[in-house]
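Trainee: What follows is data_33.txt, compact mmCIF, C-alpha atoms.
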# COMPACT_ATOMS: atom_id res chain seq x y z
CA MET A 1 -21.61 -13.78 -34.19
CA ARG A 2 -18.09 -12.38 -34.63
CA LYS A 3 -19.51 -8.84 -34.74
CA SER A 4 -21.43 -9.43 -31.50
CA ARG A 5 -18.30 -10.69 -29.77
CA PHE A 6 -16.35 -7.69 -31.02
CA VAL A 7 -19.00 -5.30 -29.68
CA LEU A 8 -18.99 -7.08 -26.31
CA LEU A 9 -15.20 -6.82 -26.16
CA ILE A 10 -15.33 -3.09 -26.89
CA LEU A 11 -18.00 -2.58 -24.22
CA LEU A 12 -15.89 -4.48 -21.71
CA LEU A 13 -12.82 -2.38 -22.48
CA VAL A 14 -14.83 0.80 -22.18
CA ALA A 15 -16.29 -0.36 -18.86
CA LEU A 16 -12.84 -1.09 -17.51
CA CYS A 17 -11.80 2.47 -18.28
CA LEU A 18 -14.76 4.02 -16.49
CA PRO A 19 -14.29 5.57 -13.02
CA GLY A 20 -14.42 2.91 -10.33
CA PHE A 21 -13.04 0.05 -12.44
CA CYS A 22 -9.31 0.89 -12.33
CA PHE A 23 -7.13 2.97 -10.09
CA ASN A 24 -6.74 6.33 -11.80
CA PRO A 25 -3.12 7.58 -11.54
CA ALA A 26 -4.33 11.09 -12.39
CA THR A 27 -5.94 11.29 -8.93
CA PRO A 28 -3.87 13.84 -6.97
CA PRO A 29 -1.84 12.11 -4.23
CA SER A 30 -3.53 14.27 -1.57
CA GLN A 31 -6.91 12.79 -2.58
CA ARG A 32 -5.93 9.14 -2.76
CA ASN A 33 -7.03 6.38 -0.40
CA ALA A 34 -4.90 3.33 0.30
CA ILE A 35 -5.30 -0.15 1.71
CA LEU A 36 -2.25 -2.16 2.75
CA PHE A 37 -2.89 -5.90 3.10
CA SER A 38 -0.57 -8.19 5.00
CA TRP A 39 -0.87 -11.86 4.05
CA ASP A 40 1.02 -13.11 7.08
CA GLY A 41 3.70 -15.68 6.27
CA VAL A 42 3.47 -15.89 2.46
CA GLN A 43 6.81 -16.42 0.76
CA LYS A 44 7.35 -15.06 -2.74
CA ASP A 45 8.15 -18.46 -4.28
CA HIS A 46 4.95 -20.02 -2.96
CA LEU A 47 2.96 -17.10 -4.29
CA ASN A 48 4.46 -17.69 -7.74
CA GLU A 49 3.52 -21.37 -7.52
CA CYS A 50 -0.08 -20.34 -6.83
CA PHE A 51 0.01 -18.07 -9.89
CA SER A 52 1.24 -20.95 -12.05
CA ARG A 53 -1.85 -22.93 -11.02
CA ASN A 54 -4.21 -19.94 -11.57
CA GLU A 55 -5.26 -20.08 -7.91
CA LEU A 56 -5.17 -16.33 -7.18
CA PRO A 57 -7.38 -14.63 -9.79
CA ASN A 58 -7.99 -11.48 -7.75
CA LEU A 59 -4.34 -10.80 -6.97
CA ALA A 60 -3.48 -11.59 -10.60
CA LYS A 61 -6.08 -9.04 -11.75
CA LEU A 62 -4.68 -6.44 -9.33
CA ILE A 63 -1.16 -6.98 -10.68
CA SER A 64 -2.42 -6.76 -14.28
CA GLU A 65 -3.64 -3.26 -13.46
CA GLY A 66 -0.40 -2.33 -11.68
CA ASN A 67 2.67 -4.40 -10.87
CA MET A 68 4.40 -6.72 -8.40
CA VAL A 69 7.98 -6.26 -7.19
CA LYS A 70 10.34 -8.28 -5.02
CA ILE A 71 10.74 -7.27 -1.39
CA ASP A 72 13.64 -8.41 0.80
CA ILE A 73 13.68 -8.22 4.58
CA SER A 74 16.79 -7.08 6.43
CA GLY A 75 17.77 -5.52 9.72
CA HIS A 76 15.56 -7.69 11.95
CA ASN A 77 14.27 -11.21 12.54
CA THR A 78 11.85 -12.59 9.97
CA ASP A 79 8.85 -12.73 12.26
CA THR A 80 5.52 -11.03 12.88
CA LYS A 81 6.38 -8.29 15.39
CA ALA A 82 9.47 -7.05 13.59
CA GLY A 83 8.00 -7.43 10.11
CA HIS A 84 4.84 -5.47 10.75
CA THR A 85 6.71 -2.80 12.68
CA GLN A 86 9.11 -2.13 9.82
CA MET A 87 6.31 -2.40 7.25
CA LEU A 88 4.10 0.15 9.02
CA THR A 89 6.79 2.63 10.07
CA GLY A 90 9.64 2.34 7.53
CA TYR A 91 12.18 2.21 10.36
CA ASP A 92 14.69 -0.37 11.57
CA PRO A 93 14.94 -1.64 15.18
CA ASP A 94 17.47 1.05 16.10
CA VAL A 95 14.56 3.51 15.86
CA THR A 96 11.53 1.39 16.80
CA GLY A 97 13.08 -0.96 19.34
CA VAL A 98 11.40 -3.98 17.71
CA MET A 99 13.93 -6.65 16.70
CA SER A 100 11.86 -9.83 17.03
CA ASN A 101 8.80 -11.45 18.60
CA SER A 102 10.66 -11.70 21.92
CA LYS A 103 12.88 -8.61 21.77
CA PHE A 104 10.73 -5.49 21.42
CA LYS A 105 9.55 -2.17 22.78
CA ALA A 106 6.54 0.02 22.06
CA ILE A 107 6.98 1.91 18.79
CA PRO A 108 7.62 5.57 19.71
CA ALA A 109 4.50 7.69 19.23
CA GLY A 110 4.13 9.41 15.88
CA LEU A 111 6.20 7.08 13.67
CA SER A 112 3.52 4.90 12.05
CA ILE A 113 1.92 5.49 8.65
CA PHE A 114 -1.39 6.13 10.43
CA GLU A 115 0.00 8.87 12.66
CA ARG A 116 1.96 10.49 9.83
CA LEU A 117 -1.21 10.76 7.73
CA GLU A 118 -3.29 12.08 10.63
CA LYS A 119 -0.71 14.77 11.32
CA GLN A 120 -0.35 15.73 7.64
CA PHE A 121 -4.03 15.95 6.75
CA GLY A 122 -5.80 16.41 10.09
CA ASP A 123 -7.86 14.07 12.23
CA ASP A 124 -11.11 15.07 10.55
CA ASN A 125 -9.83 14.72 6.99
CA ILE A 126 -8.68 11.11 6.88
CA ALA A 127 -9.82 7.92 8.61
CA THR A 128 -7.10 5.53 9.77
CA ILE A 129 -8.09 1.90 10.25
CA MET A 130 -6.19 -1.17 11.47
CA VAL A 131 -7.80 -4.64 11.53
CA THR A 132 -5.67 -7.62 12.56
CA GLY A 133 -6.05 -11.36 13.01
CA LYS A 134 -3.51 -11.95 15.78
CA THR A 135 -3.15 -11.02 19.40
CA HIS A 136 0.18 -10.10 20.95
CA HIS A 137 2.52 -10.21 17.95
CA ILE A 138 0.63 -7.25 16.51
CA GLY A 139 -0.47 -6.19 19.94
CA SER A 140 -1.06 -3.00 21.88
CA CYS A 141 -1.02 -4.23 25.46
CA PRO A 142 0.62 -2.02 28.11
CA PRO A 143 3.77 -3.16 29.91
CA SER A 144 3.39 -6.41 31.85
CA THR A 145 2.82 -6.04 35.56
CA PRO A 146 5.22 -7.69 38.03
CA GLU A 147 2.47 -10.21 38.81
CA GLN A 148 2.04 -11.10 35.12
CA ILE A 149 5.77 -11.54 34.70
CA ALA A 150 5.98 -13.78 37.77
CA GLN A 151 3.08 -15.94 36.54
CA ALA A 152 4.63 -16.26 33.08
CA LYS A 153 7.97 -17.32 34.57
CA ALA A 154 6.23 -19.93 36.71
CA GLN A 155 4.34 -21.35 33.72
CA LEU A 156 7.55 -21.42 31.70
CA GLU A 157 9.28 -23.46 34.39
CA LYS A 158 6.38 -25.96 34.42
CA ILE A 159 6.64 -26.40 30.65
CA LYS A 160 10.39 -26.98 30.86
CA ALA A 161 9.95 -29.47 33.71
CA ARG A 162 7.48 -31.69 31.87
CA ASN A 163 9.42 -31.80 28.60
CA LYS A 164 12.45 -33.96 27.99
CA PRO A 165 15.69 -32.38 26.80
CA ASN A 166 15.35 -34.05 23.37
CA ASN A 167 12.05 -32.20 22.78
CA LYS A 168 10.16 -35.39 21.89
CA THR A 169 6.42 -35.12 22.29
CA GLY A 170 5.58 -38.78 22.93
CA ILE A 171 2.97 -38.69 20.15
CA ALA A 172 3.29 -41.48 17.57
CA ASP A 173 1.69 -39.71 14.60
CA PRO A 174 4.37 -37.47 12.99
CA ASP A 175 1.91 -34.74 11.93
CA ALA A 176 0.26 -34.63 15.36
CA ALA A 177 3.68 -34.62 17.02
CA ALA A 178 4.82 -31.71 14.86
CA GLN A 179 1.67 -29.75 15.68
CA ALA A 180 2.09 -30.46 19.40
CA GLN A 181 5.68 -29.29 19.29
CA GLN A 182 4.69 -26.17 17.39
CA LYS A 183 1.93 -25.44 19.91
CA ARG A 184 4.41 -25.82 22.76
CA LYS A 185 6.89 -23.57 20.98
CA ALA A 186 4.20 -20.91 20.49
CA GLN A 187 3.23 -21.13 24.16
CA VAL A 188 6.84 -20.69 25.24
CA GLN A 189 7.22 -17.76 22.86
CA ARG A 190 4.04 -16.19 24.23
CA LEU A 191 5.25 -16.50 27.84
CA ASN A 192 8.64 -15.07 26.94
CA ALA A 193 6.89 -12.13 25.28
CA ILE A 194 5.02 -11.41 28.52
CA ILE A 195 8.29 -11.53 30.44
CA GLN A 196 10.02 -9.25 27.93
CA ASN A 197 7.10 -6.79 27.73
CA THR A 198 8.57 -4.13 29.97
CA ASP A 199 7.77 -1.17 27.68
CA GLY A 200 4.45 -2.15 26.08
CA GLU A 201 3.76 -4.13 22.92
CA PRO A 202 4.74 -2.57 19.57
CA PHE A 203 1.39 -0.89 18.82
CA PHE A 204 0.74 0.31 22.38
CA HIS A 205 1.06 4.00 21.40
CA VAL A 206 -0.11 3.62 17.79
CA SER A 207 -3.46 2.12 18.81
CA LYS A 208 -4.30 5.24 20.79
CA ASN A 209 -3.58 7.60 17.91
CA ILE A 210 -5.68 6.13 15.08
CA ASP A 211 -9.41 6.14 14.40
CA ILE A 212 -10.06 2.39 14.37
CA TRP A 213 -7.94 -0.13 16.23
CA ASP A 214 -9.57 -3.56 15.87
CA GLY A 215 -7.01 -6.06 17.08
CA GLU A 216 -5.95 -8.20 20.04
CA LYS A 217 -7.96 -11.16 18.68
CA SER A 218 -6.94 -14.31 16.85
CA ARG A 219 -9.33 -14.38 13.88
CA THR A 220 -9.48 -16.09 10.51
CA CYS A 221 -10.05 -14.20 7.27
CA GLU A 222 -13.63 -15.46 7.26
CA VAL A 223 -14.16 -13.40 10.42
CA ASN A 224 -11.91 -10.47 9.54
CA GLY A 225 -13.10 -10.09 5.94
CA PRO A 226 -16.65 -8.98 6.82
CA LEU A 227 -15.26 -6.63 9.48
CA MET A 228 -13.07 -4.99 6.86
CA ILE A 229 -15.99 -4.54 4.51
CA ASN A 230 -18.08 -3.04 7.31
CA TYR A 231 -15.39 -0.43 7.95
CA LEU A 232 -15.40 0.46 4.25
CA ASP A 233 -19.19 0.90 4.43
CA LYS A 234 -18.65 3.34 7.30
CA TYR A 235 -15.57 5.24 6.09
CA GLY A 236 -15.22 4.46 2.38
CA LYS A 237 -16.96 7.58 1.09
CA GLY A 238 -14.41 9.80 2.82
CA ARG A 239 -10.64 9.66 2.64
CA PHE A 240 -9.01 6.70 4.40
CA PHE A 241 -5.92 4.58 4.95
CA ALA A 242 -6.54 1.01 6.12
CA PHE A 243 -4.23 -1.80 7.16
CA TYR A 244 -5.88 -5.20 6.77
CA HIS A 245 -4.13 -8.29 8.18
CA PHE A 246 -4.86 -11.93 7.35
CA SER A 247 -3.16 -14.39 9.74
CA ASP A 248 -4.35 -17.64 8.12
CA PRO A 249 -1.24 -18.48 6.03
CA ASP A 250 1.04 -18.08 9.05
CA HIS A 251 -1.08 -20.26 11.31
CA THR A 252 -1.45 -23.03 8.73
CA GLY A 253 2.24 -22.85 7.85
CA HIS A 254 3.20 -23.37 11.49
CA ASN A 255 0.68 -26.18 11.96
CA HIS A 256 1.04 -28.05 8.68
CA GLY A 257 4.12 -26.78 6.85
CA GLU A 258 4.82 -24.33 4.04
CA ASN A 259 4.15 -26.90 1.30
CA SER A 260 0.93 -28.21 2.84
CA LYS A 261 -2.51 -28.07 1.25
CA GLU A 262 -3.75 -26.20 4.32
CA HIS A 263 -1.19 -23.43 3.86
CA ASN A 264 -1.97 -23.19 0.16
CA ASP A 265 -5.71 -23.05 0.84
CA ALA A 266 -5.14 -20.22 3.34
CA ILE A 267 -3.44 -18.14 0.65
CA ILE A 268 -6.37 -18.81 -1.69
CA ALA A 269 -8.74 -17.64 1.07
CA CYS A 270 -6.79 -14.36 1.33
CA ASP A 271 -7.25 -13.90 -2.42
CA LYS A 272 -10.98 -14.49 -2.11
CA TRP A 273 -11.31 -11.67 0.44
CA LEU A 274 -9.10 -9.39 -1.62
CA GLY A 275 -11.70 -9.83 -4.38
CA GLU A 276 -14.57 -9.10 -2.00
CA ILE A 277 -12.95 -5.90 -0.78
CA VAL A 278 -12.16 -4.73 -4.31
CA LYS A 279 -15.80 -5.35 -5.19
CA LYS A 280 -16.92 -3.26 -2.21
CA LEU A 281 -14.64 -0.38 -3.29
CA LYS A 282 -16.15 -0.51 -6.78
CA ASP A 283 -19.67 -0.62 -5.38
CA LEU A 284 -18.85 2.49 -3.36
CA GLY A 285 -17.46 4.17 -6.48
CA VAL A 286 -14.03 4.81 -4.91
CA TYR A 287 -11.83 2.11 -6.44
CA ASP A 288 -10.49 4.56 -9.03
CA LYS A 289 -8.91 6.65 -6.26
CA THR A 290 -7.90 3.80 -3.95
CA MET A 291 -4.42 2.33 -4.10
CA ILE A 292 -4.14 -1.28 -2.97
CA PHE A 293 -0.90 -2.84 -1.78
CA VAL A 294 -0.47 -6.50 -0.81
CA THR A 295 2.62 -7.76 1.00
CA ALA A 296 3.76 -10.12 3.79
CA ASP A 297 5.56 -9.61 7.08
CA HIS A 298 7.85 -12.57 6.38
CA GLY A 299 7.98 -15.71 4.28
CA PHE A 300 8.47 -19.32 5.40
CA ASP A 301 11.44 -21.63 5.46
CA GLU A 302 10.94 -23.80 2.37
CA GLY A 303 8.82 -26.84 3.21
CA LYS A 304 9.10 -26.29 6.97
CA THR A 305 6.88 -25.07 9.81
CA SER A 306 9.24 -22.22 10.69
CA HIS A 307 10.36 -18.85 9.31
CA SER A 308 13.71 -18.43 11.02
CA ASN A 309 15.34 -17.31 7.76
CA ALA A 310 12.56 -16.26 5.42
CA PRO A 311 13.35 -12.79 4.02
CA TYR A 312 11.88 -13.07 0.52
CA VAL A 313 8.41 -11.61 0.07
CA PHE A 314 6.65 -9.28 -2.41
CA LEU A 315 4.70 -6.08 -2.90
CA ALA A 316 1.77 -6.23 -5.33
CA SER A 317 -0.38 -3.25 -6.26
CA ASN A 318 -2.88 -1.76 -8.69
CA VAL A 319 -0.47 1.19 -9.04
CA LYS A 320 1.36 1.02 -12.38
CA SER A 321 4.18 3.30 -11.22
CA LEU A 322 5.34 0.66 -8.74
CA LYS A 323 8.52 -0.33 -10.58
CA ARG A 324 11.44 -0.95 -8.26
CA ASP A 325 12.36 -4.06 -6.24
CA GLY A 326 13.16 -3.06 -2.71
CA HIS A 327 13.15 -3.80 1.00
CA GLN A 328 10.46 -3.96 3.64
CA ARG A 329 11.57 -0.58 5.01
CA ASP A 330 10.64 0.96 1.62
CA ILE A 331 6.92 0.17 1.90
CA ALA A 332 5.96 2.93 4.36
CA PRO A 333 7.76 5.77 2.56
CA THR A 334 6.29 4.59 -0.75
CA ILE A 335 2.72 4.70 0.55
CA LEU A 336 3.21 8.03 2.32
CA ASN A 337 4.73 9.55 -0.81
CA GLU A 338 1.88 8.27 -3.00
CA MET A 339 -0.65 9.79 -0.56
CA GLY A 340 0.90 13.25 -0.75
CA VAL A 341 3.27 13.36 2.21
CA ASP A 342 6.63 15.05 1.65
CA ILE A 343 8.78 12.35 3.22
CA SER A 344 11.94 14.45 2.94
CA LYS A 345 10.61 16.56 5.82
CA LEU A 346 9.95 13.65 8.17
CA GLU A 347 12.16 12.90 11.15
CA PRO A 348 13.91 10.58 11.73
CA LYS A 349 15.00 10.33 8.11
CA PHE A 350 14.01 7.18 6.27
CA LYS A 351 16.75 4.78 5.22
CA GLY A 352 14.32 3.33 2.70
CA VAL A 353 13.38 4.68 -0.72
CA VAL A 354 10.20 5.22 -2.72
CA LEU A 355 9.51 2.25 -5.03
CA THR A 356 7.36 4.14 -7.53
CA LYS A 357 8.58 6.18 -10.48
As a first step, turn the structure in this file into structure tokens.

Mentor:
Amino acid sequence: MRKSRFVLLILLLVALCLPGFCFNPATPPSQRNAILFSWDGVQKDHLNECFSRNELPNLAKLISEGNMVKIDISGHNTDTKAGHTQMLTGYDPDVTGVMSNSKFKAIPAGLSIFERLEKQFGDDNIATIMVTGKTHHIGSCPPSTPEQIAQAKAQLEKIKARNKPNNKTGIADPDAAAQAQQKRKAQVQRLNAIIQNTDGEPFFHVSKNIDIWDGEKSRTCEVNGPLMINYLDKYGKGRFFAFYHFSDPDHTGHNHGENSKEHNDAIIACDKWLGEIVKKLKDLGVYDKTMIFVTADHGFDEGKTSHSNAPYVFLASNVKSLKRDGHQRDIAPTILNEMGVDISKLEPKFKGVVLTK
């Protein structure tokens, strides 16, 4: 019996070393694929709590193959627009114009990871894919028309008129009251974004310069996950860079709180789909040349339904050379460097650094 177990262990170890079962660091950077996942609204401390309860087996397996480092957020508000802009460009608001959900411009053309890779390797030599689970905070809408701005201002005045100065909802149940207040806050934020959208939403230019832009819809991971796998079926045999966004943790955090079961379950659902996508990469025989990175646009205020000061997130990967703690602005230059782009030649110069050694 012991001999049989020993043989099985050896076979397992051999299998794990075969092409397709682990990312192979010997793959030349110019031949590597990459997927960047954003688990929207997952703070680093909550992630560690999930690990302590063995709730994220797929992310834990990914980290066992590579590493996880601490990521801090600085230079902008800890929210969706600003976080994803810095994550996907490597630049601060002085370059992108995106400071927060309500203070933003369209990212200048050519600055995103997608556009950098297309320019470096050619439109026909790499597929660039972006799948999101939110609408306007990772949006690509053109500038608001005067009519849209006027309508938004009128709706905003109606909301203010029917709400008391103390912000009470009039709902007896505390949980329902909190959800109603959060819904109202989101509606106000949405209307303000329409009013402020004088230049186009952040990904207005980016969406026109990549192969697949699948956004502008509020979707759970149970909807987005199969879409992501379908895009791998279509493009996975060639070279690709994909950005995959799961909005569930953010939505549940706002509705139920950072320490809620709903928020925790949403993080577990993200892990489930991470496993499904890894499985698809292995089925396609390309996992050994595909780098996976998992991060978050922002965390959450501990135990609250807000993320007004939530700068502590993470970067997990199957890449063993990921060694250095860093900042959100470091993610884009790290990925570009690991895919064979000479970032020293890019303009404007990055303030961030490469987190691999």

Trainee: How many Å separate CA of Ile71 (chain A) from CA of Lys345 (chain A)?

Mentor: 24.9 Å

Trainee: Give me, please, the distance in Å between CA of Lys217 (chain A) and CA of Ser38 (chain A), quoted to one decimal.

Mentor: 15.8 Å

Trainee: May I ask which of the residues A:Ser306, A:Gln189, A:Gln155, A:Asn48 is the closest one to Gly257 (chain A), counting all atoms listed in the file?

Mentor: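 Looking only at the distances to Gly257 (chain A), the closest residue turns out to be A:Ser306.
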
Trainee: So the first atom is CA of Leu56 (chain A) and the second is CA of Arg239 (chain A); what is the distance between them in Å, to one decimal place?

Mentor: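 Interatomic distance, CA of Leu56 (chain A) to CA of Arg239 (chain A): 28.3 Å.
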
Trainee: Quick one: everything within 12 Å of Arg116 (chain A), counting only C-alpha atoms, minus sequence neighbours fewer than 2 positions away in the same chain. Send it as a VMD selection string.

Mentor: chain A and resid 88 to 90 109 to 114 118 to 123 126 128 206 209 to 210 241 332 to 333 335 to 337 339 to 343 345 to 347

Trainee: Considering all atoms listed in the file, state which residue in the set A:Lys279, A:His254, A:Lys320, A:Lys183 is at the smallest distance from Met291 (chain A).

Mentor: A:Lys320

Trainee: Looking at all atoms listed in the file, which of A:Pro226, A:Phe243, A:Asn101, A:Glu115 is the one that sits closest to Asn192 (chain A)?

Mentor: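 Looking only at the distances to Asn192 (chain A), the closest residue turns out to be A:Asn101.
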